[in-house]
Each structure stands twice: as structure tokens, then as C-alpha cells.
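Asker: So here's start11.cif (mmCIF, C-alpha atoms).
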data_target
loop_
_atom_site.label_atom_id
_atom_site.label_comp_id
_atom_site.auth_asym_id
_atom_site.auth_seq_id
_atom_site.Cartn_x
_atom_site.Cartn_y
_atom_site.Cartn_z
CA MET A 9 0.00 0.00 0.00
CA SER A 10 1.44 3.34 -1.05
CA PRO A 11 1.75 6.21 1.47
CA GLN A 12 -0.62 8.27 -0.67
CA LEU A 13 -3.27 5.56 -0.52
CA LEU A 14 -2.76 5.23 3.23
CA ILE A 15 -3.23 8.98 3.72
CA LEU A 16 -6.39 8.89 1.60
CA LEU A 17 -7.77 5.86 3.48
CA ALA A 18 -7.08 7.39 6.91
CA PHE A 19 -8.62 10.68 5.78
CA THR A 20 -11.74 8.97 4.39
CA MET A 21 -12.22 6.88 7.53
CA ASP A 22 -12.00 9.97 9.75
CA LEU A 23 -14.38 11.84 7.47
CA ILE A 24 -16.99 9.05 7.66
CA SER A 25 -16.56 8.77 11.45
CA SER A 26 -17.08 12.50 11.93
CA PHE A 27 -20.15 12.49 9.66
CA ILE A 28 -21.77 9.64 11.63
CA SER A 29 -20.92 11.38 14.91
CA ILE A 30 -22.62 14.59 13.79
CA LEU A 31 -25.60 12.53 12.56
CA VAL A 32 -26.03 10.90 15.99
CA GLY A 33 -25.66 14.36 17.56
CA TYR A 34 -28.41 15.71 15.30
CA LYS A 35 -30.75 12.89 16.29
CA ALA A 36 -30.01 13.63 19.96
CA PHE A 37 -30.84 17.31 19.36
CA LYS A 38 -34.13 16.44 17.68
CA SER A 39 -34.97 14.19 20.62
CA TYR A 40 -34.11 16.99 23.06
CA LYS A 41 -36.40 19.42 21.24
CA VAL A 42 -39.34 17.08 21.66
CA SER A 43 -38.68 15.66 25.13
CA SER A 44 -36.59 18.41 26.83
CA ALA A 45 -34.58 15.61 28.51
CA LYS A 46 -31.19 17.08 29.45
CA SER A 47 -29.36 13.80 28.74
CA PHE A 48 -30.15 14.27 25.04
CA LEU A 49 -28.59 17.72 25.17
CA TYR A 50 -25.35 16.29 26.62
CA LEU A 51 -25.40 13.57 23.97
CA TYR A 52 -25.96 16.21 21.26
CA PHE A 53 -23.04 18.39 22.39
CA GLY A 54 -20.86 15.29 22.97
CA PHE A 55 -21.31 13.78 19.51
CA THR A 56 -21.20 17.15 17.74
CA ILE A 57 -17.94 18.17 19.46
CA LEU A 58 -16.50 14.69 18.78
CA GLY A 59 -17.53 14.83 15.12
CA VAL A 60 -16.16 18.32 14.57
CA GLY A 61 -12.94 17.35 16.42
CA ILE A 62 -12.40 14.24 14.24
CA PHE A 63 -13.20 16.23 11.07
CA LEU A 64 -10.75 19.04 11.89
CA ARG A 65 -8.07 16.54 12.93
CA ALA A 66 -8.51 14.63 9.65
CA ILE A 67 -8.07 17.78 7.58
CA ILE A 68 -5.15 19.23 9.56
CA VAL A 69 -3.27 15.92 9.98
CA THR A 70 -3.56 15.26 6.24
CA PHE A 71 -2.38 18.81 5.54
CA PHE A 72 0.64 18.43 7.87
CA VAL A 73 1.51 14.95 6.49
CA LEU A 74 1.52 16.33 2.94
CA ILE A 75 3.48 19.47 3.93
CA PHE A 76 6.08 17.48 5.89
CA ARG A 77 6.53 15.05 2.98
CA ILE A 78 7.50 17.81 0.54
CA MET A 79 9.64 19.81 3.00
CA GLU A 80 13.36 18.96 3.47
CA ASP A 81 13.78 20.74 6.81
CA ILE A 82 10.79 21.04 9.06
CA PRO A 83 10.81 24.28 11.07
CA SER A 84 10.44 23.77 14.81
CA SER A 85 7.60 26.29 14.86
CA LEU A 86 5.61 24.02 12.54
CA LEU A 87 6.31 21.04 14.81
CA SER A 88 5.17 23.04 17.85
CA LEU A 89 2.04 24.07 15.99
CA SER A 90 1.20 20.46 15.10
CA ASN A 91 1.78 19.45 18.75
CA PHE A 92 -0.49 22.25 19.93
CA ALA A 93 -3.17 21.18 17.43
CA GLY A 94 -2.82 17.63 18.76
CA ILE A 95 -3.52 18.80 22.30
CA ILE A 96 -6.54 20.83 21.16
CA PHE A 97 -8.02 17.95 19.16
CA THR A 98 -7.51 15.40 21.93
CA ALA A 99 -9.08 17.92 24.31
CA THR A 100 -12.21 18.02 22.13
CA HIS A 101 -12.42 14.22 22.54
CA LEU A 102 -12.09 14.57 26.31
CA VAL A 103 -14.85 17.20 26.42
CA ALA A 104 -17.06 14.91 24.33
CA TYR A 105 -16.37 11.91 26.61
CA SER A 106 -17.09 14.07 29.67
CA LEU A 107 -20.49 14.84 28.17
CA PHE A 108 -21.12 11.13 27.52
CA ILE A 109 -20.22 10.46 31.16
CA ALA A 110 -22.64 13.23 32.18
CA THR A 111 -25.34 11.50 30.11
CA TYR A 112 -24.86 8.23 31.99
CA VAL A 113 -24.26 9.85 35.40
CA ILE A 114 -27.53 11.75 35.06
CA GLN A 115 -29.27 8.49 34.27
CA ALA A 116 -27.95 6.67 37.30
CA GLY A 117 -28.21 8.47 38.72
CA SER A 118 8.85 6.82 22.63
CA SER A 119 8.89 6.90 20.19
CA GLY A 120 11.16 3.76 19.90
CA GLN A 121 11.58 2.70 16.28
CA GLN A 122 11.18 -1.00 15.63
CA ASP A 123 11.35 -3.27 12.62
CA LEU A 124 7.97 -2.48 11.13
CA GLY A 125 8.16 -4.59 7.97
CA VAL A 126 6.87 -3.40 4.58
CA GLY A 127 3.54 -2.11 5.93
CA GLY A 128 5.44 -0.50 8.77
CA ALA A 129 7.78 1.23 6.36
CA VAL A 130 4.82 2.80 4.61
CA ALA A 131 3.32 3.70 7.94
CA ALA A 132 6.63 5.19 9.05
CA ALA A 133 6.46 7.51 6.05
CA VAL A 134 3.07 8.81 7.11
CA PHE A 135 2.56 8.33 10.81
CA PRO A 136 5.59 10.04 12.42
CA VAL A 137 3.76 13.23 11.49
CA ALA A 138 0.27 12.00 12.26
CA ARG A 139 1.60 10.72 15.61
CA LEU A 140 2.33 14.27 16.71
CA PHE A 141 -1.41 14.70 17.00
CA TYR A 142 -1.76 11.92 19.56
CA ILE A 143 -0.57 12.68 23.09
CA PRO A 144 -0.10 9.49 25.18
CA THR A 145 -1.05 11.14 28.50
CA LEU A 146 -4.28 12.50 27.08
CA GLU A 147 -4.97 9.17 25.38
CA LEU A 148 -4.71 7.53 28.83
CA LEU A 149 -7.23 10.02 30.15
CA ALA A 150 -9.50 9.36 27.16
CA ILE A 151 -9.23 5.58 27.79
CA THR A 152 -10.20 6.05 31.45
CA MET A 153 -13.18 8.26 30.59
CA LEU A 154 -14.34 6.09 27.72
CA GLY A 155 -13.91 3.04 29.96
CA PHE A 156 -16.57 4.49 32.25
CA VAL A 157 -18.86 5.11 29.27
CA VAL A 158 -18.32 1.52 28.00
CA VAL A 159 -19.17 0.04 31.42
CA SER A 160 -22.28 2.26 31.67
CA SER A 161 -23.44 1.24 28.19
CA LEU A 162 -22.80 -2.44 29.10
CA MET A 163 -24.93 -2.04 32.24
CA ASN A 164 -27.64 -0.48 30.11
CA TYR A 165 -27.47 -3.37 27.64
CA LEU A 166 -27.69 -5.94 30.46
CA HIS A 167 -30.73 -4.08 31.78
CA LYS A 168 -32.54 -3.56 28.46
CA ARG A 169 -31.28 -6.55 26.46
CA SER A 170 -32.12 -4.81 23.20
CA LEU A 171 -30.13 -4.87 19.97
CA ASN A 172 -29.97 -1.06 19.90
CA SER A 173 -28.39 -0.87 23.36
CA ALA A 174 -25.96 -3.64 22.30
CA LEU A 175 -25.00 -1.57 19.24
CA VAL A 176 -24.31 1.47 21.46
CA PHE A 177 -22.19 -0.74 23.74
CA PHE A 178 -20.23 -2.09 20.74
CA GLY A 179 -19.90 1.45 19.36
CA PHE A 180 -18.32 2.80 22.53
CA SER A 181 -16.24 -0.41 22.97
CA PHE A 182 -14.65 -0.02 19.52
CA MET A 183 -13.93 3.65 20.27
CA PHE A 184 -12.30 2.49 23.53
CA LEU A 185 -10.20 -0.05 21.59
CA SER A 186 -9.17 2.67 19.11
CA HIS A 187 -7.76 4.80 21.94
CA LEU A 188 -5.86 1.76 23.29
CA LEU A 189 -4.32 1.33 19.83
CA PHE A 190 -3.51 5.06 19.63
CA LEU A 191 -1.74 4.74 22.99
CA PHE A 192 0.30 1.70 21.91
CA MET A 193 1.35 3.54 18.77
CA ILE A 194 4.58 4.25 20.68
CA PHE A 195 5.51 0.61 19.92
CA ASP A 196 4.21 0.34 16.38
CA GLU A 197 3.13 3.36 14.37
CA PHE A 198 0.87 1.28 12.14
CA LEU A 199 -1.45 0.89 15.15
CA LEU A 200 -2.73 4.40 14.37
CA PHE A 201 -4.24 3.03 11.18
CA TYR A 202 -5.82 0.08 13.00
CA GLY A 203 -7.10 2.50 15.65
CA GLN A 204 -8.84 4.53 12.98
CA ILE A 205 -10.42 1.33 11.60
CA MET A 206 -11.66 0.44 15.12
CA ARG A 207 -13.14 3.91 15.58
CA LEU A 208 -14.87 3.68 12.20
CA ILE A 209 -16.36 0.28 13.14
CA GLY A 210 -17.60 1.87 16.37
CA PHE A 211 -19.33 4.65 14.50
CA VAL A 212 -20.80 2.19 11.99
CA CYS A 213 -22.38 0.36 14.97
CA LEU A 214 -23.95 3.68 16.01
CA LEU A 215 -25.11 4.29 12.44
CA ILE A 216 -26.83 0.88 12.34
CA MET A 217 -28.52 1.74 15.65
CA LEU A 218 -29.67 5.07 14.18
CA ALA A 219 -31.04 3.35 11.05
CA ARG A 220 -32.93 0.85 13.21
CA VAL A 221 -34.38 3.66 15.34
CA ASN A 222 -35.56 5.54 12.24
CA ARG A 223 -37.27 2.41 10.92
CA THR A 224 -39.50 2.27 14.01
CA HIS A 225 -43.20 1.78 13.31
CA VAL A 226 -46.11 2.35 15.65
CA MET B 175 -48.66 -4.99 41.76
CA SER B 176 -46.15 -3.30 44.00
CA LYS B 177 -43.28 -1.07 43.06
CA LYS B 178 -40.35 -0.14 45.27
CA HIS B 179 -40.71 3.49 44.29
CA LYS B 180 -43.23 5.50 42.37
CA GLU B 181 -41.83 6.44 38.96
CA TYR B 182 -42.16 10.05 37.89
CA ARG B 183 -43.89 10.45 34.54
CA SER B 184 -42.77 13.40 32.48
CA LYS B 185 -45.33 15.62 30.75
CA ILE B 186 -44.20 14.35 27.34
CA ARG B 187 -44.66 10.75 28.52
CA ILE B 188 -48.18 11.53 29.74
CA TYR B 189 -48.99 13.12 26.37
CA ALA B 190 -47.67 10.00 24.61
CA ASP B 191 -49.70 7.72 26.89
CA ILE B 192 -52.90 9.64 26.17
CA LEU B 193 -52.24 9.70 22.40
CA ASN B 194 -51.31 5.99 22.33
CA SER B 195 -54.49 5.22 24.25
CA LEU B 196 -56.45 7.11 21.60
CA LEU B 197 -54.62 5.20 18.86
CA ARG B 198 -55.49 1.87 20.49
CA HIS B 199 -59.14 2.89 20.35
CA GLY B 200 -58.97 3.50 16.61
CA GLY B 201 -58.07 7.16 16.82
CA SER B 202 -61.09 8.43 18.72
CA SER B 203 -62.41 7.87 22.21
CA GLY B 204 -64.34 9.36 25.09
CA PRO B 205 -62.66 10.42 28.33
CA THR B 206 -63.55 7.20 30.21
CA HIS B 207 -61.32 4.98 28.08
CA LEU B 208 -58.56 7.57 28.21
CA LEU B 209 -58.72 7.67 32.02
CA LEU B 210 -57.88 4.00 32.15
CA GLY B 211 -55.43 4.05 29.25
CA ALA B 212 -53.40 6.99 30.50
CA ASN B 213 -53.84 6.12 34.21
CA LEU B 214 -54.76 9.66 35.25
CA SER B 215 -57.36 11.32 37.46
CA TYR B 216 -60.27 13.00 35.68
CA ASP B 217 -59.08 16.54 36.47
CA ARG B 218 -55.52 15.87 35.32
CA LEU B 219 -56.72 14.13 32.17
CA MET B 220 -58.93 17.10 31.26
CA LYS B 221 -56.03 19.50 31.85
CA HIS B 222 -53.74 17.47 29.57
CA LEU B 223 -56.45 16.98 26.93
CA LYS B 224 -56.92 20.76 26.75
CA GLN B 225 -53.16 21.19 26.27
CA LEU B 226 -53.16 18.52 23.54
CA ILE B 227 -56.01 20.33 21.76
CA ASP B 228 -54.07 23.62 21.99
CA LEU B 229 -51.03 21.86 20.47
CA GLY B 230 -53.20 20.51 17.64
CA LEU B 231 -52.42 16.89 18.50
CA ILE B 232 -56.07 16.00 19.13
CA SER B 233 -59.46 17.54 18.34
CA GLU B 234 -62.66 17.53 20.35
CA GLU B 235 -66.15 16.78 19.05
CA LYS B 236 -69.44 16.68 20.89
CA ASN B 237 -72.22 14.21 20.06
CA ASP B 238 -75.21 12.62 21.80
CA ASN B 239 -72.97 10.36 23.90
CA GLY B 240 -70.88 13.27 25.16
CA ARG B 241 -67.39 14.39 24.26
CA ILE B 242 -65.22 12.51 21.78
CA PHE B 243 -61.50 13.19 21.37
CA LYS B 244 -59.93 12.45 17.98
CA LEU B 245 -56.32 11.99 17.03
CA THR B 246 -55.18 14.51 14.38
CA ASP B 247 -52.53 13.89 11.70
CA LYS B 248 -50.13 15.95 13.80
CA GLY B 249 -50.96 13.70 16.76
CA ARG B 250 -50.21 10.56 14.72
CA ALA B 251 -46.90 12.09 13.57
CA PHE B 252 -46.07 12.86 17.22
CA ILE B 253 -46.72 9.24 18.26
CA LEU B 254 -44.34 7.98 15.56
CA GLU B 255 -41.67 10.56 16.46
CA PHE B 256 -42.00 9.75 20.15
CA ALA B 257 -41.65 6.01 19.44
CA LYS B 258 -38.38 6.73 17.60
CA ILE B 259 -37.13 8.93 20.43
CA GLU B 260 -38.04 6.20 22.92
CA LYS B 261 -35.95 3.65 21.00
CA PHE B 262 -33.05 6.10 20.72
CA ALA B 263 -33.27 6.90 24.44
CA GLU B 264 -33.43 3.21 25.33
CA ALA B 265 -30.25 2.54 23.32
CA PHE B 266 -28.32 5.04 25.46
CA GLY B 267 -30.15 4.27 28.71
CA ILE B 268 -31.88 7.64 28.81
CA THR B 269 -35.20 7.91 30.61
CA ILE B 270 -37.72 10.28 29.08
#
With the file now loaded, output its structure as C-alpha cells.

Answerer:
Amino acid sequence: MSPQLLILLAFTMDLISSFISILVGYKAFKSYKVSSAKSFLYLYFGFTILGVGIFLRAIIVTFFVLIFRIMEDIPSSLLSLSNFAGIIFTATHLVAYSLFIATYVIQAGSSGQQDLGVGGAVAAAVFPVARLFYIPTLELLAITMLGFVVVSSLMNYLHKRSLNSALVFFGFSFMFLSHLLFLFMIFDEFLLFYGQIMRLIGFVCLLIMLARVNRTHV
Amino acid sequence: MSKKHKEYRSKIRIYADILNSLLRHGGSSGPTHLLLGANLSYDRLMKHLKQLIDLGLISEEKNDNGRIFKLTDKGRAFILEFAKIEKFAEAFGITI
């Protein structure tokens, strides 16, 4: 797989993920307008912030990857800027996860280089830049927060035993797995790509849930 | 039938219960059936029925047998929308 194709794939996956996230957020907003239940409002802000965060990260990471590939010497100011953007984007995820936690709380009340192989070599051409946008400490925080959300959605599934609640549980679980892979990117940079796949699968689970909800008949 | 605690029913849930009760009776019914279907006192039912009329979700007609409440198209659309919201809420464990 060529680096160009990898960039395009990663960009497309992020774009689809952000679109689904905003779609779920829109549904939550519509539900809030009818029911005035605050949990929907948290869900709306959570998914919208998450979607916008993923969308902006996709565009800016792709831009930086392309810029860094054509530049011989990368100015330190540009590196600092990409690091700063990474902190901002991860922060949007943390805000979104905080809102998901609020939704459930209300209801309950190295970078060490290794032999990466051929795929790894391609990844190494793309991901050293993309990696700047992932901060291990913040990823740990995201994992902890999303862990709470996953457990809450599991409890909800065990209580309701419905396919829709299972899809939400799987959705959050795959997002949780994606953050684990982003964290372990310090060992193998190709894990970023797998992490993006996991996140996309998570959002597809949410999309299936949304489609099922919209097919409801009386 | 005993419950450990009495569950609070939101206004929107009460509206949905009344409208669903009407739907079960073919779209029109007198207050007696609605009292049982929505599990409300007469005074509270009348208060909510007036609000539903003001919202255009039901209409009221008077005949020889008394008052008849009819589900409007807007009311039917509300029932469908509420059913979708209920499913969405259930998926995330949200109580409406």
C-alpha cells in the first residue's frame, strides 16, 4: 500500500466517522427538542464536538503529512504548531467523553523505532507526522473516561437486552479499543491506522442503531 | 402490583400515553377509556387533553354520547416521532 493511498484511506475513515458522529448528535438534538430531557442535550453536544474534532483533525493531519513530505527541513515552529493542534483535538475528545459520562451519570443516577516490515515502512512515512497529533497522557485520560462510558453502556445493555443498546455498547467499545491502539502507537506506528479502523467500526455500529431507530413503526 | 418506588412520569410521557391510548381505540375515544389508558385522574386528564387540543395533536367533538376526542394527523406524527425517540433513548439508557 502506497503512502498516498494510506493517507487517503485514513482521511476517508475519519471523514466518515465525523459524519456519523454529527448525525447521531443531530438525532439527539431532535430528541431533546421534543422531550426536553437534558441527557439528550449532553449527547448532542458530545457527539457534535466529537464529530467536529475528528473532522478538523482529519483535515489538519492530512495537511501536515503532505506538507512534511515535501519539505526537506521542518521548522520547529511548525512542529510546535502540530503538537499544539494535537492537544486541542484530543481535548475536544475529552470534552465529548465528559459529556457522555454526564449523560450516563444523570441516568444513574517513545517513540522507539522498531522493525515495522513493509507495511510498517509505509506507515513510518506517514505516521511520524500523524503521531504528533496523539498525546499518550491525554490518550490515557480518554481511555479512562471512555472506559466508564463503556461500562455504563454495558450495564444499560444488560438491563434492556435490546439490539440497539448492544450496538451502542459495541460502538463505545470499539472507540475504547481505538484509543488503546492510539496509545500503543509508541511501539508500532501502524497501530494508528488500526485504531482509525476500530473507531470507524464503532461509528458504523452507532449508524446501524440510528437506522434501526428511524425504521421504528407504531 | 407493588413497586419499590413511584416512577415520575414526564409531561411528554403523559402526552404520549394519552395519544397511544387514543390510537389503540382506533383514533377516537371518550374520556372514560382515556382515564384507564393513561392512568390519570379525571381533572388531570382534562387539563392534559386541553393542552393537547391547543397543540393541535387532538381535536374535540361533541355528540349525543358526550365528548369525543380524535387523534389529528399531527398527533399521529407525534406518536411515531416519540416512538423513535423512545428507541433512541433506550439505546443510550436515557429515561424520558

Asker: From the set A:Ile68, A:Ile57, A:Val113, A:Leu200, which residue has the shortest atom-to-atom contact distance to Ala99 of chain A, counting only C-alpha atoms?

Answerer: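 Among the listed residues, the smallest separation from Ala99 of chain A belongs to A:Ile57.
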
Asker: Could you list, as a short mmCIF file (atom, residue, chain, number, x, y, z; two decimals) with C-alpha atoms, in the coordinates of the input, the residues of chain A having an atom within 6 Å of chain B when counting only C-alpha atoms?

Answerer:
data_model
loop_
_atom_site.label_atom_id
_atom_site.label_comp_id
_atom_site.auth_asym_id
_atom_site.auth_seq_id
_atom_site.Cartn_x
_atom_site.Cartn_y
_atom_site.Cartn_z
CA SER A 39 -34.97 14.19 20.62
CA ASN A 164 -27.64 -0.48 30.11
CA ASN A 172 -29.97 -1.06 19.90
CA SER A 173 -28.39 -0.87 23.36
CA VAL A 221 -34.38 3.66 15.34
CA THR A 224 -39.50 2.27 14.01
CA VAL A 226 -46.11 2.35 15.65
#

Asker: List as a list in words the protein and nucleic acid residues near Gly204 of chain B, meaning an atom at most 12 Å away when all atoms listed in the file are counted, but skip any in the same chain fewer than 3 places from it.

Answerer: Ile192, Ser195, Leu196, His199, Gly200, Gly201, His207, Leu208, Leu209, Leu210, Gly211, Tyr216, Leu219, Met220, Leu223, Ser233, Glu234, Glu235, Lys236, Asn237, Asp238, Asn239, Gly240, Arg241, Ile242, Phe243, Lys244 and Leu245 of chain B

Asker: I'd like the contact shell of Ile28 of chain A - 8 Å cut-off, all atoms listed in the file, skipping same-chain residues fewer than 2 positions apart - returned as a PyMOL selection string.

Answerer: chain A and resi 24-26+30-32+59+211-212+214-215

Asker: As an exercise, work out the distance from atom CA of His187 of chain A to atom CA of Leu13 of chain A in Å and give it to one decimal place.

Answerer: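 Atom CA of His187 of chain A sits 22.9 Å away from atom CA of Leu13 of chain A.
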
Asker: Could you tell me which residues the PyMOL selection byres ((chain A and resi 110) around 12) grabs in this file, written as a ChimeraX atom specification?

Answerer: /A:46-54,103-109,111-117,153-154,156-157,160 /B:268

Asker: Quick one, how far is atom CA of Ala93 of chain A from atom CA of Phe178 of chain A?

Answerer: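 So the answer is 29.0 Å.
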
Asker: Just to confirm, what's the straight-line distance from atom CA of Pro144 of chain A to atom CA of Phe92 of chain A in Å (one decimal)?

Answerer: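 Straight-line distance from atom CA of Pro144 of chain A to atom CA of Phe92 of chain A works out to 13.8 Å.
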
Asker: Could you expand the PyMOL selection byres ((chain A and resi 19) around 12) into the explicit residues it covers here, written as a VMD selection string?

Answerer: chain A and resid 12 to 18 20 to 26 62 to 71 73 to 74 134 138 201 204 to 205 208
